[in-house]
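Undergrad: Below is run_2.pdb; it holds PDB, C-alpha atoms and all ligand atoms.
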```
ATOM      1  CA  MET I   1      62.720 109.556  -8.333
ATOM      2  CA  HIS I   2      60.391 112.042 -10.063
ATOM      3  CA  VAL I   3      57.662 113.707  -8.053
ATOM      4  CA  LYS I   4      55.124 115.866  -9.871
ATOM      5  CA  ARG I   5      54.104 119.321  -8.702
ATOM      6  CA  LYS I   6      50.484 119.417  -7.546
ATOM      7  CA  SER I   7      47.652 121.875  -7.029
ATOM      8  CA  ILE I   8      43.909 121.449  -6.450
ATOM      9  CA  SER I   9      41.198 121.070  -9.094
ATOM     10  CA  THR I  10      38.623 123.552  -7.875
ATOM     11  CA  LYS I  11      38.244 126.381  -5.376
ATOM     12  CA  VAL I  12      37.109 125.400  -1.856
ATOM     13  CA  SER I  13      36.639 127.354   1.371
ATOM     14  CA  ILE I  14      36.369 126.971   5.123
ATOM     15  CA  THR I  15      35.559 129.493   7.873
ATOM     16  CA  GLY I  16      36.192 129.599  11.587
ATOM     17  CA  ILE I  17      37.703 131.372  14.573
ATOM     18  CA  GLY I  18      41.445 132.032  14.993
ATOM     19  CA  LEU I  19      42.947 130.313  18.060
ATOM     20  CA  HIS I  20      45.032 133.302  19.141
ATOM     21  CA  SER I  21      43.260 136.344  17.622
ATOM     22  CA  GLY I  22      39.699 135.177  18.306
ATOM     23  CA  ILE I  23      38.841 136.641  14.873
ATOM     24  CA  TYR I  24      36.611 134.770  12.403
ATOM     25  CA  THR I  25      38.115 134.403   8.935
ATOM     26  CA  LYS I  26      37.301 132.718   5.671
ATOM     27  CA  VAL I  27      40.044 130.736   3.934
ATOM     28  CA  GLU I  28      39.652 130.024   0.213
ATOM     29  CA  LEU I  29      42.033 127.657  -1.534
ATOM     30  CA  HIS I  30      42.566 128.542  -5.208
ATOM     31  CA  PRO I  31      44.340 126.390  -7.814
ATOM     32  CA  ALA I  32      47.716 127.851  -8.877
ATOM     33  CA  HIS I  33      50.051 127.095 -11.775
ATOM     34  CA  ALA I  34      53.216 124.982 -11.634
ATOM     35  CA  GLY I  35      56.151 126.775 -10.058
ATOM     36  CA  SER I  36      54.147 129.495  -8.332
ATOM     37  CA  GLY I  37      54.526 127.868  -4.901
ATOM     38  CA  ILE I  38      52.202 128.179  -1.928
ATOM     39  CA  THR I  39      51.160 131.776  -1.247
ATOM     40  CA  PHE I  40      48.932 133.361   1.387
ATOM     41  CA  VAL I  41      46.890 136.210  -0.051
ATOM     42  CA  ARG I  42      45.375 138.678   2.403
ATOM     43  CA  ALA I  43      42.211 139.064   0.336
ATOM     44  CA  ASP I  44      41.073 142.045   2.445
ATOM     45  CA  LEU I  45      44.306 143.982   1.759
ATOM     46  CA  GLY I  46      45.547 142.588  -1.564
ATOM     47  CA  ILE I  47      48.913 141.529  -0.117
ATOM     48  CA  ARG I  48      50.669 138.300  -1.151
ATOM     49  CA  ILE I  49      52.847 136.495   1.389
ATOM     50  CA  PRO I  50      54.832 133.473   0.120
ATOM     51  CA  ALA I  51      54.667 130.469   2.480
ATOM     52  CA  LEU I  52      58.435 130.464   2.887
ATOM     53  CA  GLN I  53      60.860 130.555   5.810
ATOM     54  CA  ALA I  54      61.932 134.074   4.761
ATOM     55  CA  SER I  55      58.378 135.256   5.477
ATOM     56  CA  THR I  56      58.210 134.062   9.107
ATOM     57  CA  THR I  57      57.647 136.901  11.543
ATOM     58  CA  ALA I  58      56.620 135.231  14.818
ATOM     59  CA  LEU I  59      56.981 131.800  16.377
ATOM     60  CA  ASP I  60      55.396 132.117  19.845
ATOM     61  CA  HIS I  61      52.908 129.280  20.298
ATOM     62  CA  ALA I  62      52.190 129.228  16.524
ATOM     63  CA  THR I  63      53.883 130.049  13.232
ATOM     64  CA  THR I  64      53.143 133.422  11.603
ATOM     65  CA  VAL I  65      54.169 134.612   8.142
ATOM     66  CA  GLY I  66      54.034 138.232   7.048
ATOM     67  CA  ARG I  67      55.144 141.046   4.798
ATOM     68  CA  ASP I  68      55.456 144.682   5.808
ATOM     69  CA  ASP I  69      52.930 145.017   8.652
ATOM     70  CA  VAL I  70      50.540 142.405   7.310
ATOM     71  CA  SER I  71      50.534 138.846   8.596
ATOM     72  CA  VAL I  72      48.782 135.496   8.636
ATOM     73  CA  GLY I  73      49.051 133.500  11.854
ATOM     74  CA  THR I  74      48.755 129.830  12.841
ATOM     75  CA  VAL I  75      49.646 128.593   9.362
ATOM     76  CA  GLU I  76      51.191 125.284  10.466
ATOM     77  CA  HIS I  77      48.159 122.941  10.555
ATOM     78  CA  LEU I  78      46.963 123.934   7.077
ATOM     79  CA  LEU I  79      50.527 123.724   5.693
ATOM     80  CA  SER I  80      50.968 120.300   7.288
ATOM     81  CA  ALA I  81      47.852 119.015   5.472
ATOM     82  CA  LEU I  82      49.109 120.518   2.179
ATOM     83  CA  MET I  83      52.483 118.762   2.637
ATOM     84  CA  ALA I  84      50.711 115.443   3.281
ATOM     85  CA  CYS I  85      48.728 115.849   0.045
ATOM     86  CA  GLY I  86      51.842 116.801  -1.935
ATOM     87  CA  ILE I  87      50.437 120.250  -2.850
ATOM     88  CA  THR I  88      53.242 122.483  -4.174
ATOM     89  CA  ASP I  89      51.299 125.300  -5.848
ATOM     90  CA  LEU I  90      48.321 127.016  -4.260
ATOM     91  CA  ASP I  91      46.931 130.481  -3.480
ATOM     92  CA  ILE I  92      45.422 130.655   0.001
ATOM     93  CA  HIS I  93      43.090 133.660   0.157
ATOM     94  CA  ILE I  94      42.254 134.759   3.689
ATOM     95  CA  ASN I  95      40.222 137.813   4.753
ATOM     96  CA  GLY I  96      41.839 138.290   8.169
ATOM     97  CA  PRO I  97      44.970 137.750  10.275
ATOM     98  CA  GLU I  98      44.771 134.076  11.281
ATOM     99  CA  VAL I  99      43.958 130.679   9.759
ATOM    100  CA  PRO I 100      40.899 129.222  11.564
ATOM    101  CA  ILE I 101      41.727 126.604  14.165
ATOM    102  CA  ILE I 102      38.534 124.551  13.434
ATOM    103  CA  ASP I 103      38.937 121.497  15.727
ATOM    104  CA  GLY I 104      42.628 122.077  16.536
ATOM    105  CA  SER I 105      43.882 119.375  14.158
ATOM    106  CA  ALA I 106      44.721 119.070  10.434
ATOM    107  CA  LEU I 107      41.829 116.723   9.669
ATOM    108  CA  PRO I 108      39.333 119.408   8.485
ATOM    109  CA  PHE I 109      42.008 120.688   6.067
ATOM    110  CA  MET I 110      42.624 117.144   4.770
ATOM    111  CA  HIS I 111      38.882 116.837   4.087
ATOM    112  CA  LEU I 112      38.863 120.263   2.407
ATOM    113  CA  ILE I 113      41.731 119.321   0.045
ATOM    114  CA  ASP I 114      40.026 116.003  -0.636
ATOM    115  CA  ALA I 115      36.818 117.856  -1.584
ATOM    116  CA  ALA I 116      38.796 120.165  -3.926
ATOM    117  CA  GLY I 117      40.548 117.235  -5.606
ATOM    118  CA  VAL I 118      44.327 117.041  -6.090
ATOM    119  CA  ARG I 119      45.598 117.740  -9.609
ATOM    120  CA  GLU I 120      49.032 116.798 -10.961
ATOM    121  CA  LEU I 121      50.793 119.594 -12.821
ATOM    122  CA  GLY I 122      53.113 119.065 -15.784
ATOM    123  CA  ALA I 123      56.373 119.719 -13.944
ATOM    124  CA  ASP I 124      58.614 117.929 -11.461
ATOM    125  CA  VAL I 125      59.320 119.029  -7.889
ATOM    126  CA  ARG I 126      62.925 119.536  -6.829
ATOM    127  CA  VAL I 127      63.068 117.393  -3.692
ATOM    128  CA  LEU I 128      65.611 118.605  -1.117
ATOM    129  CA  ARG I 129      67.920 115.811   0.033
ATOM    130  CA  VAL I 130      70.309 116.578   2.839
ATOM    131  CA  LYS I 131      73.835 115.324   2.144
ATOM    132  CA  GLU I 132      75.131 115.515   5.719
ATOM    133  CA  PRO I 133      73.595 115.580   9.189
ATOM    134  CA  ILE I 134      72.256 118.997  10.245
ATOM    135  CA  GLU I 135      71.451 119.730  13.870
ATOM    136  CA  VAL I 136      70.251 122.525  16.133
ATOM    137  CA  VAL I 137      70.510 122.239  19.906
ATOM    138  CA  ASP I 138      69.150 124.567  22.572
ATOM    139  CA  GLY I 139      69.925 123.333  26.084
ATOM    140  CA  ASN I 140      68.153 119.974  26.365
ATOM    141  CA  ARG I 141      66.036 120.570  23.245
ATOM    142  CA  SER I 142      67.294 119.381  19.894
ATOM    143  CA  ILE I 143      66.400 118.479  16.355
ATOM    144  CA  ARG I 144      68.512 116.875  13.658
ATOM    145  CA  ILE I 145      68.230 115.405  10.186
ATOM    146  CA  THR I 146      70.387 112.714   8.620
ATOM    147  CA  PRO I 147      70.379 111.637   4.943
ATOM    148  CA  SER I 148      67.663 109.204   3.830
ATOM    149  CA  ASN I 149      65.586 108.594   0.700
ATOM    150  CA  ARG I 150      62.336 109.047   2.637
ATOM    151  CA  LEU I 151      61.016 111.507   5.183
ATOM    152  CA  VAL I 152      60.892 109.899   8.610
ATOM    153  CA  VAL I 153      60.074 111.946  11.728
ATOM    154  CA  LYS I 154      60.970 110.626  15.172
ATOM    155  CA  TYR I 155      59.651 112.903  17.893
ATOM    156  CA  LYS I 156      60.078 112.664  21.665
ATOM    157  CA  ILE I 157      58.476 114.880  24.283
ATOM    158  CA  ASP I 158      58.847 114.946  28.048
ATOM    159  CA  PHE I 159      56.290 116.971  30.014
ATOM    160  CA  ASP I 160      56.105 117.077  33.785
ATOM    161  CA  HIS I 161      52.406 116.179  33.632
ATOM    162  CA  PRO I 162      50.679 112.893  34.587
ATOM    163  CA  THR I 163      48.687 112.609  31.321
ATOM    164  CA  ILE I 164      51.527 113.517  28.946
ATOM    165  CA  GLY I 165      54.843 112.520  30.540
ATOM    166  CA  LYS I 166      57.265 110.944  28.091
ATOM    167  CA  GLN I 167      55.886 110.155  24.638
ATOM    168  CA  ALA I 168      57.807 109.041  21.540
ATOM    169  CA  LEU I 169      56.676 108.209  18.032
ATOM    170  CA  ALA I 170      58.418 107.402  14.754
ATOM    171  CA  PHE I 171      56.394 108.441  11.718
ATOM    172  CA  ASP I 172      57.132 107.346   8.164
ATOM    173  CA  PHE I 173      55.766 110.223   6.069
ATOM    174  CA  HIS I 174      53.040 109.127   3.661
ATOM    175  CA  HIS I 175      49.607 110.555   2.796
ATOM    176  CA  ASP I 176      47.501 107.652   4.077
ATOM    177  CA  SER I 177      49.400 107.191   7.328
ATOM    178  CA  PHE I 178      49.351 110.978   7.916
ATOM    179  CA  LEU I 179      45.559 110.924   7.484
ATOM    180  CA  LYS I 180      45.175 108.061   9.957
ATOM    181  CA  LYS I 181      47.873 108.715  12.562
ATOM    182  CA  ILE I 182      48.780 112.406  12.553
ATOM    183  CA  ALA I 183      46.087 114.632  10.983
ATOM    184  CA  PRO I 184      43.454 114.056  13.738
ATOM    185  CA  ALA I 185      45.859 114.968  16.596
ATOM    186  CA  ARG I 186      44.751 118.242  18.201
ATOM    187  CA  THR I 187      46.455 121.305  19.668
ATOM    188  CA  PHE I 188      46.831 121.204  23.441
ATOM    189  CA  GLY I 189      47.237 123.765  26.189
ATOM    190  CA  PHE I 190      47.318 124.082  29.952
ATOM    191  CA  LYS I 191      44.536 125.769  31.911
ATOM    192  CA  GLN I 192      47.059 127.481  34.172
ATOM    193  CA  ASP I 193      48.577 129.283  31.117
ATOM    194  CA  VAL I 194      45.289 130.586  29.712
ATOM    195  CA  ASP I 195      45.132 133.873  31.694
ATOM    196  CA  LYS I 196      48.784 134.656  30.927
ATOM    197  CA  LEU I 197      48.301 133.877  27.206
ATOM    198  CA  ARG I 198      45.133 135.980  26.999
ATOM    199  CA  ALA I 199      46.882 138.922  28.692
ATOM    200  CA  ALA I 200      49.546 138.626  25.954
ATOM    201  CA  GLY I 201      46.846 138.712  23.260
ATOM    202  CA  LEU I 202      47.027 134.958  22.620
ATOM    203  CA  ALA I 203      44.545 132.056  22.934
ATOM    204  CA  ARG I 204      41.592 134.486  22.572
ATOM    205  CA  GLY I 205      39.717 132.044  20.343
ATOM    206  CA  GLY I 206      40.781 128.973  22.316
ATOM    207  CA  SER I 207      38.029 126.798  23.761
ATOM    208  CA  ILE I 208      37.253 123.225  24.697
ATOM    209  CA  GLU I 209      35.922 122.868  21.122
ATOM    210  CA  ASN I 210      39.297 123.459  19.441
ATOM    211  CA  CYS I 211      42.004 122.541  21.907
ATOM    212  CA  ILE I 212      42.797 119.774  24.400
ATOM    213  CA  VAL I 213      42.801 121.583  27.748
ATOM    214  CA  LEU I 214      44.742 120.106  30.656
ATOM    215  CA  ASP I 215      44.657 121.006  34.344
ATOM    216  CA  GLU I 216      47.153 119.654  36.914
ATOM    217  CA  ARG I 217      45.376 116.301  37.082
ATOM    218  CA  GLY I 218      44.425 115.474  33.531
ATOM    219  CA  VAL I 219      42.442 116.289  30.397
ATOM    220  CA  MET I 220      39.434 118.522  31.134
ATOM    221  CA  ASN I 221      37.632 117.884  27.820
ATOM    222  CA  GLY I 222      38.269 114.231  27.032
ATOM    223  CA  PRO I 223      38.314 111.737  25.571
ATOM    224  CA  LEU I 224      41.620 111.961  23.711
ATOM    225  CA  ARG I 225      41.698 110.745  20.108
ATOM    226  CA  TYR I 226      44.904 108.789  20.882
ATOM    227  CA  ARG I 227      46.624 108.102  24.192
ATOM    228  CA  ASP I 228      49.729 109.767  22.721
ATOM    229  CA  GLU I 229      47.830 112.527  20.880
ATOM    230  CA  PHE I 230      50.353 115.107  22.204
ATOM    231  CA  VAL I 231      53.437 113.738  20.447
ATOM    232  CA  ARG I 232      51.373 113.158  17.306
ATOM    233  CA  HIS I 233      50.409 116.833  17.296
ATOM    234  CA  LYS I 234      54.077 117.825  17.653
ATOM    235  CA  ILE I 235      54.825 115.801  14.487
ATOM    236  CA  LEU I 236      51.907 117.562  12.748
ATOM    237  CA  ASP I 237      53.349 120.971  13.739
ATOM    238  CA  LEU I 238      56.870 120.047  12.603
ATOM    239  CA  ILE I 239      55.678 118.876   9.181
ATOM    240  CA  GLY I 240      53.795 122.188   8.806
ATOM    241  CA  ASP I 241      56.922 124.159   9.709
ATOM    242  CA  LEU I 242      58.983 122.085   7.221
ATOM    243  CA  ALA I 243      56.602 123.253   4.459
ATOM    244  CA  LEU I 244      58.277 126.678   4.746
ATOM    245  CA  ILE I 245      61.356 125.160   3.054
ATOM    246  CA  GLY I 246      59.297 125.653  -0.106
ATOM    247  CA  ARG I 247      59.956 122.178  -1.492
ATOM    248  CA  PRO I 248      59.611 118.638  -0.118
ATOM    249  CA  VAL I 249      62.509 117.482   2.033
ATOM    250  CA  VAL I 250      63.642 113.897   2.631
ATOM    251  CA  GLY I 251      65.786 112.671   5.515
ATOM    252  CA  GLU I 252      65.461 111.101   8.924
ATOM    253  CA  ILE I 253      64.523 113.704  11.516
ATOM    254  CA  THR I 254      64.927 113.218  15.262
ATOM    255  CA  ALA I 255      63.343 115.887  17.460
ATOM    256  CA  TYR I 256      63.539 116.055  21.233
ATOM    257  CA  ARG I 257      61.371 118.511  23.201
ATOM    258  CA  ALA I 258      61.357 120.931  20.261
ATOM    259  CA  GLY I 259      58.779 123.577  19.300
ATOM    260  CA  HIS I 260      58.067 126.196  16.629
ATOM    261  CA  SER I 261      61.122 128.377  17.305
ATOM    262  CA  LEU I 262      63.546 125.428  17.230
ATOM    263  CA  HIS I 263      61.762 124.006  14.149
ATOM    264  CA  SER I 264      62.312 127.388  12.508
ATOM    265  CA  ARG I 265      66.049 127.565  13.318
ATOM    266  CA  PHE I 266      66.317 124.025  11.954
ATOM    267  CA  VAL I 267      64.596 124.980   8.674
ATOM    268  CA  GLU I 268      66.975 127.988   8.354
ATOM    269  CA  LYS I 269      69.984 125.721   8.757
ATOM    270  CA  ILE I 270      68.681 123.202   6.188
ATOM    271  CA  LEU I 271      68.133 126.053   3.695
ATOM    272  CA  ARG I 272      71.629 127.496   4.305
ATOM    273  CA  ALA I 273      73.206 124.045   3.773
ATOM    274  CA  ALA I 274      71.195 123.530   0.554
ATOM    275  CA  GLU I 275      72.259 126.961  -0.745
ATOM    276  CA  ALA I 276      75.931 126.273   0.024
ATOM    277  CA  GLU I 277      75.597 122.914  -1.745
ATOM    278  CA  GLU I 278      74.065 124.539  -4.846
ATOM    279  CA  ASP I 279      76.769 127.259  -4.893
ATOM    280  CA  ALA I 280      79.443 124.519  -4.739
ATOM    281  CA  VAL I 281      77.759 122.658  -7.609
ATOM    282  CA  SER I 282      77.541 125.769  -9.816
ATOM    283  CA  ILE I 283      81.160 126.760  -9.039
ATOM    284  CA  GLY I 284      82.173 123.175  -9.893
ATOM    285  CA  ALA I 285      80.226 123.332 -13.176
ATOM    286  CA  ALA I 286      81.782 126.713 -14.067
ATOM    287  CA  ALA I 287      85.274 125.322 -13.284
ATOM    288  CA  ALA I 288      84.616 122.228 -15.426
ATOM    289  CA  GLU I 289      83.498 124.489 -18.284
ATOM    290  CA  SER I 290      86.598 126.674 -18.083
ATOM    291  CA  PHE I 291      88.789 123.558 -18.357
ATOM    292  CA  ALA I 292      86.830 122.105 -21.271
TER     293      ALA I 292
HETATM  294 ZN    ZN B 301      49.837 122.911  16.433
END
```
Can I see the file as structure tokens?
TA:
Amino acid sequence: MHVKRKSISTKVSITGIGLHSGIYTKVELHPAHAGSGITFVRADLGIRIPALQASTTALDHATTVGRDDVSVGTVEHLLSALMACGITDLDIHINGPEVPIIDGSALPFMHLIDAAGVRELGADVRVLRVKEPIEVVDGNRSIRITPSNRLVVKYKIDFDHPTIGKQALAFDFHHDSFLKKIAPARTFGFKQDVDKLRAAGLARGGSIENCIVLDERGVMNGPLRYRDEFVRHKILDLIGDLALIGRPVVGEITAYRAGHSLHSRFVEKILRAAEAEEDAVSIGAAAAESFA
């Protein structure tokens, strides 16, 4: 199966407030050449930060990538949209510390990429296929991947809340179904956590415009876009965190009550297994050569 590398056809931009920083930024997507990968560029400081697992610096409530003391926060919704569109090479210029939250979902980013146009590049992507199951467990939270020719994400959540409760969804990864079933699902948060988050410097840009807010009884700013919008958003987040592998991955993923920090440990483990596999292959090739 050959999959082409992809970028966008023309430059596009979007502006908005950061969910956690409360700072307004402008994000500009620039076409990039085959093999350059996805890179955040702090346009105000001239610093390039590859969208790779090795760049992650924080995972509390959102995924942050950085280099030296410079970072870009809440990258996961934009990266999720890029994954869904098969974008492998792109420069993301941003003039501040956090990707705008817009409406809390990935839909505005899907529309942005659509407006830019997707362009196939003249090179193939190296798809990562897991050979054996890989799992991370933390108490009653877990996430695992087993070999498959497609990317399937099965996510289950269990919140002690009357509106959320237990939700489960199996998602067969594909652009059109992502656009319809996953991209519109919004970030959610609990009213009782807002003061604590704000004291910790988080959720400063959060509002009823960009986040589903729940109190003890239910949703304060309904209606929901889906009855199970919460589990759909968890799938959106996971796909964004998987983008930090730096290449598309296929396999069947089962996640239970996971979140950004478990997603991140999972991505680390997948990368370590892939590296070990490649080392074994090159040692095998060297051995075969020495016997030739
Ligand atoms: Zn999210």
Undergrad: Would you translate the PyMOL selection byres (((chain I and resi 74) around 9) and not hetatm) into the concrete set of residues it matches in this file, as an MDAnalysis selection string?
TA: chainID I and resid 18:20 61:65 72:73 75:78 98:101
Undergrad: Neighbours of ligand ZN 301 (chain B) at 9 Å or closer, counting only C-alpha atoms and all ligand atoms: which residues, as JSON, numbers by chain?
TA: {"I": [61, 62, 63, 74, 76, 77, 104, 105, 106, 185, 186, 187, 188, 233, 234, 235, 236, 237, 238, 240, 260]}
Undergrad: Point out the residue among I:Asp241, I:Leu128, I:Ala170, I:Leu29 with the least atom-to-atom distance to Glu275 in chain I, counting only C-alpha atoms.
TA: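 The shortest atom-to-atom distance to Glu275 in chain I comes from I:Leu128.
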Undergrad: Take the PyMOL selection byres (((chain I and resi 9) around 8) and not hetatm), apply it to the structure above, and return the hits as a PyMOL selection string.
TA: chain I and resi 7-8+10-11+31+116-119
Undergrad: Nearest to Leu121 in chain I: which of I:Gly86, I:Gly22, I:Gly259, I:Gly284 is it, counting all atoms listed in the file?
TA: I:Gly86
Undergrad: What does the PyMOL selection byres (((chain I and resi 49) around 8) and not hetatm) select in this file, as a short mmCIF file (atom, residue, chain, number, x, y, z; two decimals) with C-alpha atoms, keeping the file's coordinate frame?
TA:
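Wrote it out as out17.cif, contents follow:
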```cif
data_model
loop_
_atom_site.label_atom_id
_atom_site.label_comp_id
_atom_site.auth_asym_id
_atom_site.auth_seq_id
_atom_site.Cartn_x
_atom_site.Cartn_y
_atom_site.Cartn_z
CA THR I 39 51.16 131.78 -1.25
CA PHE I 40 48.93 133.36 1.39
CA VAL I 41 46.89 136.21 -0.05
CA ARG I 42 45.38 138.68 2.40
CA ILE I 47 48.91 141.53 -0.12
CA ARG I 48 50.67 138.30 -1.15
CA PRO I 50 54.83 133.47 0.12
CA ALA I 51 54.67 130.47 2.48
CA SER I 55 58.38 135.26 5.48
CA VAL I 65 54.17 134.61 8.14
CA GLY I 66 54.03 138.23 7.05
CA ARG I 67 55.14 141.05 4.80
CA SER I 71 50.53 138.85 8.60
#
```
Undergrad: Given all atoms listed in the file as the basis, pick out the residue of I:Ala81, I:Leu224, I:Val219, I:Val249 nearest to Pro108 in chain I.
TA: I:Ala81
Undergrad: Considering all atoms listed in the file, state which residue in the set I:Val3, I:Leu262, I:Ala243, I:Ile253 is at the smallest distance from Ile134 in chain I.
TA: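 Among the listed residues, I:Ile253 lies closest to Ile134 in chain I.
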Undergrad: What does the distance between CA of Pro223 in chain I and CA of Ile182 in chain I come to in Å, to one decimal place?
TA: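 Distance between the two atoms: 16.7 Å.
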Undergrad: Could you jot down the CA of Ala258 in chain I to CA of Glu216 in chain I separation for me, Å, one decimal place?
TA: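 Going from CA of Ala258 in chain I over to CA of Glu216 in chain I covers 21.9 Å.
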Undergrad: Skipping near chain neighbours, those fewer than 6 positions away, what residues fall within 8 Å of Val213 in chain I using all atoms listed in the file, listed as a JSON list (two decimals) with C-alpha atoms, in the coordinates of the input?
TA:
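Saved the output as selection.json:
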```json
[["chain", "number", "residue", "atom", "x", "y", "z"],
["I", 188, "PHE", "CA", 46.83, 121.20, 23.44],
["I", 189, "GLY", "CA", 47.24, 123.76, 26.19],
["I", 190, "PHE", "CA", 47.32, 124.08, 29.95],
["I", 191, "LYS", "CA", 44.54, 125.77, 31.91],
["I", 219, "VAL", "CA", 42.44, 116.29, 30.40],
["I", 220, "MET", "CA", 39.43, 118.52, 31.13],
["I", 221, "ASN", "CA", 37.63, 117.88, 27.82]]
```
Undergrad: For Lys156 in chain I, which residue out of I:Leu79, I:Val231, I:Ile245, I:Ala115 is the nearest one, using only C-alpha atoms?
TA: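 Answer, going by the shortest atom-to-atom distance: I:Val231.
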Undergrad: Taking all atoms of range 171-176 of chain I that the file lists, what box with edges along x, y and z, padded by 8 Å per side, do you get, with centre and edge lengths in Å to one decimal, as AutoDock Vina command-line options?
TA:
```
--center_x 52.3 --center_y 109.0 --center_z 7.3 --size_x 25.6 --size_y 19.2 --size_z 24.9
```
Undergrad: Which protein, DNA or RNA residues have an atom at most 8 Å from (40.1, 134.4, 3.1), counting only C-alpha atoms? List them as a list in words.
TA: Thr25, Lys26, Val27, Glu28, Val41, Arg42, Ala43, Asp44, Ile92, His93, Ile94, Asn95 and Gly96 of chain I
Undergrad: Would you list the residues near (51.4, 123.5, -7.7), meaning any protein, DNA or RNA residue with an atom at most 6 Å from that point in file coordinates, counting only C-alpha atoms, as a short mmCIF file (atom, residue, chain, number, x, y, z; two decimals) with C-alpha atoms, keeping the file's coordinate frame?
TA:
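Dumped to selection19.cif:
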```
data_model
loop_
_atom_site.label_atom_id
_atom_site.label_comp_id
_atom_site.auth_asym_id
_atom_site.auth_seq_id
_atom_site.Cartn_x
_atom_site.Cartn_y
_atom_site.Cartn_z
CA ARG I 5 54.10 119.32 -8.70
CA LYS I 6 50.48 119.42 -7.55
CA SER I 7 47.65 121.88 -7.03
CA ALA I 32 47.72 127.85 -8.88
CA HIS I 33 50.05 127.10 -11.78
CA ALA I 34 53.22 124.98 -11.63
CA ILE I 87 50.44 120.25 -2.85
CA THR I 88 53.24 122.48 -4.17
CA ASP I 89 51.30 125.30 -5.85
CA LEU I 90 48.32 127.02 -4.26
#
```
